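Have a look at input35.txt; it's compact mmCIF, N, CA and C atoms:
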# COMPACT_ATOMS: atom_id res chain seq x y z
N MET I 19 124.35 159.67 27.62
CA MET I 19 124.74 159.50 28.99
C MET I 19 125.02 158.01 29.25
N VAL I 20 126.09 157.72 29.96
CA VAL I 20 126.52 156.34 30.25
C VAL I 20 125.97 155.94 31.60
N GLN I 21 125.31 154.79 31.62
CA GLN I 21 124.81 154.29 32.91
C GLN I 21 125.87 153.41 33.55
N HIS I 22 125.98 153.55 34.85
CA HIS I 22 126.92 152.71 35.59
C HIS I 22 126.17 151.53 36.18
N ALA I 23 126.81 150.38 36.21
CA ALA I 23 126.18 149.17 36.70
C ALA I 23 126.30 149.05 38.22
N GLY I 24 126.90 150.04 38.86
CA GLY I 24 127.08 149.97 40.31
C GLY I 24 128.11 148.89 40.65
N PRO I 25 127.83 148.11 41.66
CA PRO I 25 128.80 147.08 42.04
C PRO I 25 128.72 145.84 41.16
N TYR I 26 127.86 145.85 40.14
CA TYR I 26 127.69 144.69 39.29
C TYR I 26 128.30 144.93 37.92
N ALA I 27 128.84 143.87 37.34
CA ALA I 27 129.34 143.97 35.97
C ALA I 27 128.14 144.09 35.04
N GLN I 28 128.35 144.70 33.91
CA GLN I 28 127.24 144.92 32.98
C GLN I 28 126.64 143.59 32.56
N GLY I 29 125.35 143.45 32.76
CA GLY I 29 124.64 142.24 32.37
C GLY I 29 124.80 141.09 33.35
N SER I 30 125.36 141.33 34.54
CA SER I 30 125.59 140.25 35.51
C SER I 30 124.78 140.49 36.76
N ILE I 31 124.40 139.42 37.43
CA ILE I 31 123.71 139.55 38.71
C ILE I 31 124.67 139.36 39.88
N PHE I 32 125.93 139.05 39.58
CA PHE I 32 126.93 138.83 40.63
C PHE I 32 127.75 140.10 40.84
N PRO I 33 128.00 140.45 42.10
CA PRO I 33 128.80 141.64 42.34
C PRO I 33 130.24 141.43 41.89
N LEU I 34 130.88 142.52 41.53
CA LEU I 34 132.29 142.46 41.15
C LEU I 34 133.13 142.15 42.38
N ARG I 35 134.16 141.39 42.20
CA ARG I 35 135.07 141.09 43.31
C ARG I 35 136.05 142.23 43.47
N GLU I 36 136.43 142.43 44.70
CA GLU I 36 137.48 143.41 44.95
C GLU I 36 138.79 142.82 44.50
N PRO I 37 139.70 143.65 44.04
CA PRO I 37 141.00 143.11 43.63
C PRO I 37 141.72 142.49 44.83
N VAL I 38 142.41 141.39 44.57
CA VAL I 38 143.16 140.73 45.63
C VAL I 38 144.38 141.58 45.94
N THR I 39 144.55 141.87 47.20
CA THR I 39 145.69 142.70 47.61
C THR I 39 146.68 141.86 48.39
N ALA I 40 147.85 142.41 48.58
CA ALA I 40 148.93 141.69 49.27
C ALA I 40 148.55 141.33 50.69
N HIS I 41 147.80 142.19 51.38
CA HIS I 41 147.48 141.88 52.77
C HIS I 41 146.54 140.69 52.89
N ARG I 42 145.83 140.34 51.83
CA ARG I 42 144.96 139.16 51.86
C ARG I 42 145.73 137.90 51.52
N ILE I 43 146.79 138.00 50.78
CA ILE I 43 147.59 136.84 50.41
C ILE I 43 148.59 136.50 51.52
N PHE I 44 149.11 137.49 52.19
CA PHE I 44 150.19 137.29 53.15
C PHE I 44 149.86 136.28 54.25
N PRO I 45 148.69 136.32 54.89
CA PRO I 45 148.44 135.33 55.94
C PRO I 45 148.49 133.89 55.42
N MET I 46 148.01 133.66 54.21
CA MET I 46 148.05 132.33 53.65
C MET I 46 149.49 131.90 53.36
N ALA I 47 150.29 132.80 52.83
CA ALA I 47 151.69 132.50 52.55
C ALA I 47 152.43 132.25 53.86
N LYS I 48 152.11 133.04 54.87
CA LYS I 48 152.75 132.87 56.17
C LYS I 48 152.39 131.51 56.76
N THR I 49 151.15 131.11 56.66
CA THR I 49 150.71 129.82 57.17
C THR I 49 151.43 128.68 56.45
N ARG I 50 151.55 128.79 55.15
CA ARG I 50 152.25 127.75 54.39
C ARG I 50 153.72 127.69 54.77
N ALA I 51 154.34 128.84 54.96
CA ALA I 51 155.76 128.86 55.34
C ALA I 51 155.95 128.22 56.71
N VAL I 52 155.09 128.55 57.65
CA VAL I 52 155.19 127.97 58.99
C VAL I 52 154.97 126.46 58.92
N ALA I 53 153.99 126.03 58.15
CA ALA I 53 153.72 124.60 58.00
C ALA I 53 154.91 123.88 57.36
N SER I 54 155.55 124.51 56.39
CA SER I 54 156.72 123.91 55.75
C SER I 54 157.87 123.77 56.73
N VAL I 55 158.11 124.80 57.52
CA VAL I 55 159.20 124.75 58.51
C VAL I 55 158.91 123.67 59.55
N LEU I 56 157.68 123.62 60.06
CA LEU I 56 157.34 122.61 61.06
C LEU I 56 157.44 121.21 60.47
N GLY I 57 157.01 121.03 59.25
CA GLY I 57 157.13 119.73 58.59
C GLY I 57 158.57 119.30 58.44
N THR I 58 159.43 120.23 58.05
CA THR I 58 160.85 119.92 57.91
C THR I 58 161.47 119.54 59.24
N LEU I 59 161.12 120.27 60.29
CA LEU I 59 161.63 119.95 61.63
C LEU I 59 161.14 118.59 62.09
N LEU I 60 159.90 118.26 61.80
CA LEU I 60 159.35 116.97 62.19
C LEU I 60 160.08 115.84 61.49
N ILE I 61 160.35 116.00 60.21
CA ILE I 61 161.08 114.98 59.46
C ILE I 61 162.50 114.85 59.99
N ALA I 62 163.17 115.98 60.23
CA ALA I 62 164.54 115.94 60.75
C ALA I 62 164.57 115.27 62.13
N GLY I 63 163.58 115.57 62.96
CA GLY I 63 163.52 114.93 64.28
C GLY I 63 163.28 113.43 64.16
N GLY I 64 162.43 113.04 63.24
CA GLY I 64 162.18 111.62 63.02
C GLY I 64 163.41 110.88 62.54
N LEU I 65 164.17 111.52 61.67
CA LEU I 65 165.40 110.89 61.20
C LEU I 65 166.44 110.79 62.32
N ALA I 66 166.48 111.79 63.17
CA ALA I 66 167.42 111.74 64.29
C ALA I 66 167.08 110.61 65.24
N ILE I 67 165.80 110.40 65.48
CA ILE I 67 165.37 109.32 66.37
C ILE I 67 165.55 107.97 65.70
N ALA I 68 165.37 107.92 64.40
CA ALA I 68 165.34 106.66 63.67
C ALA I 68 166.73 106.13 63.29
N GLN I 69 167.77 106.61 63.91
CA GLN I 69 169.10 106.12 63.58
C GLN I 69 169.34 104.78 64.26
N ARG I 70 170.10 103.95 63.59
CA ARG I 70 170.42 102.63 64.12
C ARG I 70 171.12 102.73 65.46
N PRO I 71 170.87 101.77 66.35
CA PRO I 71 171.64 101.72 67.60
C PRO I 71 173.12 101.47 67.29
N ALA I 72 173.97 102.06 68.07
CA ALA I 72 175.42 101.92 67.83
C ALA I 72 175.92 100.58 68.37
N GLU I 73 176.91 100.04 67.67
CA GLU I 73 177.60 98.86 68.18
C GLU I 73 178.71 99.35 69.09
N ASN I 74 178.57 99.13 70.38
CA ASN I 74 179.61 99.63 71.26
C ASN I 74 179.99 98.65 72.35
N VAL I 75 179.65 97.37 72.19
CA VAL I 75 180.10 96.33 73.11
C VAL I 75 181.20 95.56 72.40
N SER I 76 182.33 95.43 73.07
CA SER I 76 183.48 94.75 72.49
C SER I 76 183.20 93.26 72.35
N GLY I 77 183.30 92.76 71.12
CA GLY I 77 183.11 91.34 70.88
C GLY I 77 184.24 90.51 71.46
N ALA I 78 185.43 91.10 71.59
CA ALA I 78 186.57 90.36 72.15
C ALA I 78 186.41 90.17 73.66
N ARG I 79 185.93 91.19 74.34
CA ARG I 79 185.80 91.11 75.81
C ARG I 79 184.48 90.49 76.24
N HIS I 80 183.42 90.71 75.48
CA HIS I 80 182.08 90.26 75.86
C HIS I 80 181.37 89.67 74.65
N PRO I 81 181.76 88.46 74.22
CA PRO I 81 181.18 87.91 72.99
C PRO I 81 179.66 87.71 73.07
N ASN I 82 179.15 87.30 74.22
CA ASN I 82 177.70 87.06 74.33
C ASN I 82 176.92 88.37 74.30
N LEU I 83 177.42 89.38 75.01
CA LEU I 83 176.74 90.68 74.99
C LEU I 83 176.82 91.31 73.60
N ALA I 84 177.98 91.16 72.95
CA ALA I 84 178.13 91.71 71.59
C ALA I 84 177.17 91.00 70.63
N ALA I 85 177.01 89.68 70.80
CA ALA I 85 176.07 88.93 69.94
C ALA I 85 174.64 89.40 70.19
N ALA I 86 174.29 89.61 71.45
CA ALA I 86 172.94 90.10 71.78
C ALA I 86 172.72 91.48 71.18
N GLN I 87 173.74 92.33 71.23
CA GLN I 87 173.61 93.66 70.66
C GLN I 87 173.45 93.59 69.14
N ARG I 88 174.20 92.70 68.52
CA ARG I 88 174.11 92.53 67.07
C ARG I 88 172.69 92.07 66.69
N LEU I 89 172.13 91.13 67.47
CA LEU I 89 170.78 90.65 67.19
C LEU I 89 169.74 91.75 67.40
N SER I 90 169.93 92.59 68.41
CA SER I 90 168.98 93.70 68.62
C SER I 90 169.06 94.69 67.45
N GLN I 91 170.25 94.89 66.91
CA GLN I 91 170.39 95.77 65.75
C GLN I 91 169.71 95.17 64.52
N GLN I 92 169.84 93.86 64.36
CA GLN I 92 169.17 93.20 63.24
C GLN I 92 167.65 93.30 63.38
N ALA I 93 167.16 93.15 64.61
CA ALA I 93 165.71 93.29 64.85
C ALA I 93 165.27 94.71 64.51
N TRP I 94 166.08 95.70 64.89
CA TRP I 94 165.75 97.10 64.61
C TRP I 94 165.65 97.32 63.10
N GLU I 95 166.61 96.76 62.35
CA GLU I 95 166.61 96.90 60.89
C GLU I 95 165.39 96.22 60.27
N LYS I 96 164.99 95.07 60.80
CA LYS I 96 163.81 94.37 60.28
C LYS I 96 162.54 95.18 60.54
N ILE I 97 162.49 95.86 61.68
CA ILE I 97 161.34 96.72 61.97
C ILE I 97 161.27 97.86 60.96
N VAL I 98 162.42 98.44 60.64
CA VAL I 98 162.45 99.52 59.64
C VAL I 98 161.95 99.00 58.29
N GLU I 99 162.38 97.80 57.91
CA GLU I 99 161.92 97.21 56.65
C GLU I 99 160.41 96.99 56.68
N ALA I 100 159.90 96.53 57.81
CA ALA I 100 158.45 96.33 57.95
C ALA I 100 157.71 97.66 57.85
N GLN I 101 158.27 98.70 58.45
CA GLN I 101 157.64 100.02 58.36
C GLN I 101 157.58 100.49 56.92
N ARG I 102 158.67 100.31 56.20
CA ARG I 102 158.68 100.72 54.78
C ARG I 102 157.66 99.92 53.98
N ALA I 103 157.60 98.61 54.22
CA ALA I 103 156.67 97.75 53.48
C ALA I 103 155.22 98.13 53.77
N ASN I 104 154.96 98.61 54.96
CA ASN I 104 153.59 98.99 55.34
C ASN I 104 153.37 100.50 55.25
N GLU I 105 154.25 101.17 54.53
CA GLU I 105 154.16 102.62 54.32
C GLU I 105 154.06 103.37 55.64
N TRP I 106 154.82 102.92 56.63
CA TRP I 106 154.97 103.58 57.93
C TRP I 106 153.67 103.63 58.71
N ASP I 107 152.65 102.87 58.29
CA ASP I 107 151.35 102.91 58.96
C ASP I 107 151.23 101.71 59.89
N MET I 108 151.80 101.81 61.08
CA MET I 108 151.74 100.73 62.06
C MET I 108 151.25 101.25 63.41
N GLN I 109 150.59 102.39 63.38
CA GLN I 109 149.96 103.00 64.55
C GLN I 109 150.93 103.22 65.71
N GLY I 110 152.20 103.43 65.40
CA GLY I 110 153.18 103.75 66.43
C GLY I 110 153.79 102.55 67.12
N HIS I 111 153.29 101.35 66.86
CA HIS I 111 153.80 100.17 67.55
C HIS I 111 155.23 99.85 67.13
N ALA I 112 155.53 99.98 65.86
CA ALA I 112 156.88 99.70 65.38
C ALA I 112 157.87 100.69 65.99
N GLN I 113 157.49 101.95 66.07
CA GLN I 113 158.37 102.96 66.66
C GLN I 113 158.62 102.65 68.14
N ARG I 114 157.58 102.21 68.84
CA ARG I 114 157.76 101.86 70.26
C ARG I 114 158.70 100.66 70.39
N ALA I 115 158.58 99.69 69.48
CA ALA I 115 159.47 98.54 69.50
C ALA I 115 160.92 98.98 69.27
N LYS I 116 161.10 99.92 68.33
CA LYS I 116 162.46 100.43 68.08
C LYS I 116 162.99 101.17 69.30
N ASN I 117 162.13 101.91 69.99
CA ASN I 117 162.56 102.59 71.22
C ASN I 117 162.98 101.58 72.28
N LEU I 118 162.24 100.48 72.39
CA LEU I 118 162.62 99.44 73.36
C LEU I 118 163.94 98.79 72.97
N LEU I 119 164.15 98.60 71.68
CA LEU I 119 165.44 98.04 71.24
C LEU I 119 166.59 99.01 71.53
N ASP I 120 166.34 100.30 71.46
CA ASP I 120 167.36 101.28 71.87
C ASP I 120 167.68 101.12 73.35
N GLN I 121 166.64 100.89 74.16
CA GLN I 121 166.86 100.66 75.59
C GLN I 121 167.66 99.38 75.81
N VAL I 122 167.34 98.33 75.04
CA VAL I 122 168.09 97.07 75.12
C VAL I 122 169.55 97.33 74.82
N ASN I 123 169.81 98.09 73.77
CA ASN I 123 171.18 98.40 73.38
C ASN I 123 171.92 99.13 74.49
N ASN I 124 171.25 100.10 75.11
CA ASN I 124 171.87 100.84 76.22
C ASN I 124 172.13 99.94 77.41
N GLU I 125 171.19 99.06 77.73
CA GLU I 125 171.38 98.15 78.87
C GLU I 125 172.52 97.16 78.61
N LEU I 126 172.65 96.71 77.37
CA LEU I 126 173.77 95.81 77.04
C LEU I 126 175.10 96.53 77.22
N LYS I 127 175.14 97.78 76.82
CA LYS I 127 176.36 98.58 77.01
C LYS I 127 176.65 98.73 78.49
N LEU I 128 175.63 99.03 79.30
CA LEU I 128 175.84 99.17 80.75
C LEU I 128 176.27 97.85 81.37
N ALA I 129 175.73 96.73 80.88
CA ALA I 129 176.13 95.42 81.39
C ALA I 129 177.61 95.16 81.09
N ALA I 130 178.04 95.51 79.89
CA ALA I 130 179.45 95.33 79.52
C ALA I 130 180.34 96.20 80.40
N GLU I 131 179.92 97.46 80.65
CA GLU I 131 180.71 98.35 81.50
C GLU I 131 180.77 97.83 82.93
N ALA I 132 179.66 97.27 83.44
CA ALA I 132 179.65 96.71 84.79
C ALA I 132 180.59 95.50 84.87
N ALA I 133 180.56 94.66 83.83
CA ALA I 133 181.45 93.50 83.82
C ALA I 133 182.91 93.95 83.77
N ASN I 134 183.19 95.02 83.04
CA ASN I 134 184.56 95.55 82.98
C ASN I 134 185.01 96.02 84.36
N ARG I 135 184.14 96.70 85.09
CA ARG I 135 184.49 97.19 86.43
C ARG I 135 184.72 96.03 87.39
N ASN I 136 183.95 94.97 87.26
CA ASN I 136 184.07 93.83 88.17
C ASN I 136 185.30 92.99 87.89
N ARG I 137 185.84 93.04 86.69
CA ARG I 137 187.04 92.27 86.33
C ARG I 137 188.30 92.84 86.93
N ARG I 138 188.29 94.11 87.27
CA ARG I 138 189.50 94.77 87.74
C ARG I 138 189.87 94.35 89.11
Would you write the structure of this file as structure tokens?
Amino acid sequence: MVQHAGPYAQGSIFPLREPVTAHRIFPMAKTRAVASVLGTLLIAGGLAIAQRPAENVSGARHPNLAAAQRLSQQAWEKIVEAQRANEWDMQGHAQRAKNLLDQVNNELKLAAEAANRNRR
């Protein structure tokens, strides 16, 4: 007569594990997929925000404003270099500085447009 070990493997004090089924794996796979999608969206959003300010002030019509815009773009690029050198660990201060430089760029563009309207 063969004796059964019950829920234990022969000679073991540990219970046998139930076989892993698909319903136990699926939530983990789903979580990883969602995390991957969110991570990709976060990176894409960061790249969209991190684009250089556009040069859109005419140097021929507004040389001083165009020079100021060029300098703000150079400052923006230096901040990006600093972020890379510090492995992007600047506690958000560099990003805030870049956001302010974007505002500077927009204000310079508005100043040029206002000057254009006043010349007419």
Please measure the separation of atom C of Glu95 in chain I and atom C of Arg79 in chain I, giving the value in Å to one decimal.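 If I compute the distance from atom C of Glu95 in chain I to atom C of Arg79 in chain I, I get 25.5 Å.
Proximity to Asn124 in chain I at 10 Å, evaluated using only C-alpha atoms and with sequence-adjacent residues fewer than 4 positions away removed, yields Pro71, Ala72, Asn74, Val75, Gln87, Leu118, Leu119, Asp120, Leu128, Ala129 and Ala130 of chain I.
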Between atom N of Ser54 in chain I and atom C of Lys116 in chain I lies a distance of 27.7 Å
One decimal place gives the CA of Asn82 in chain I-atom C of Asn123 in chain I separation as 13.4 Å
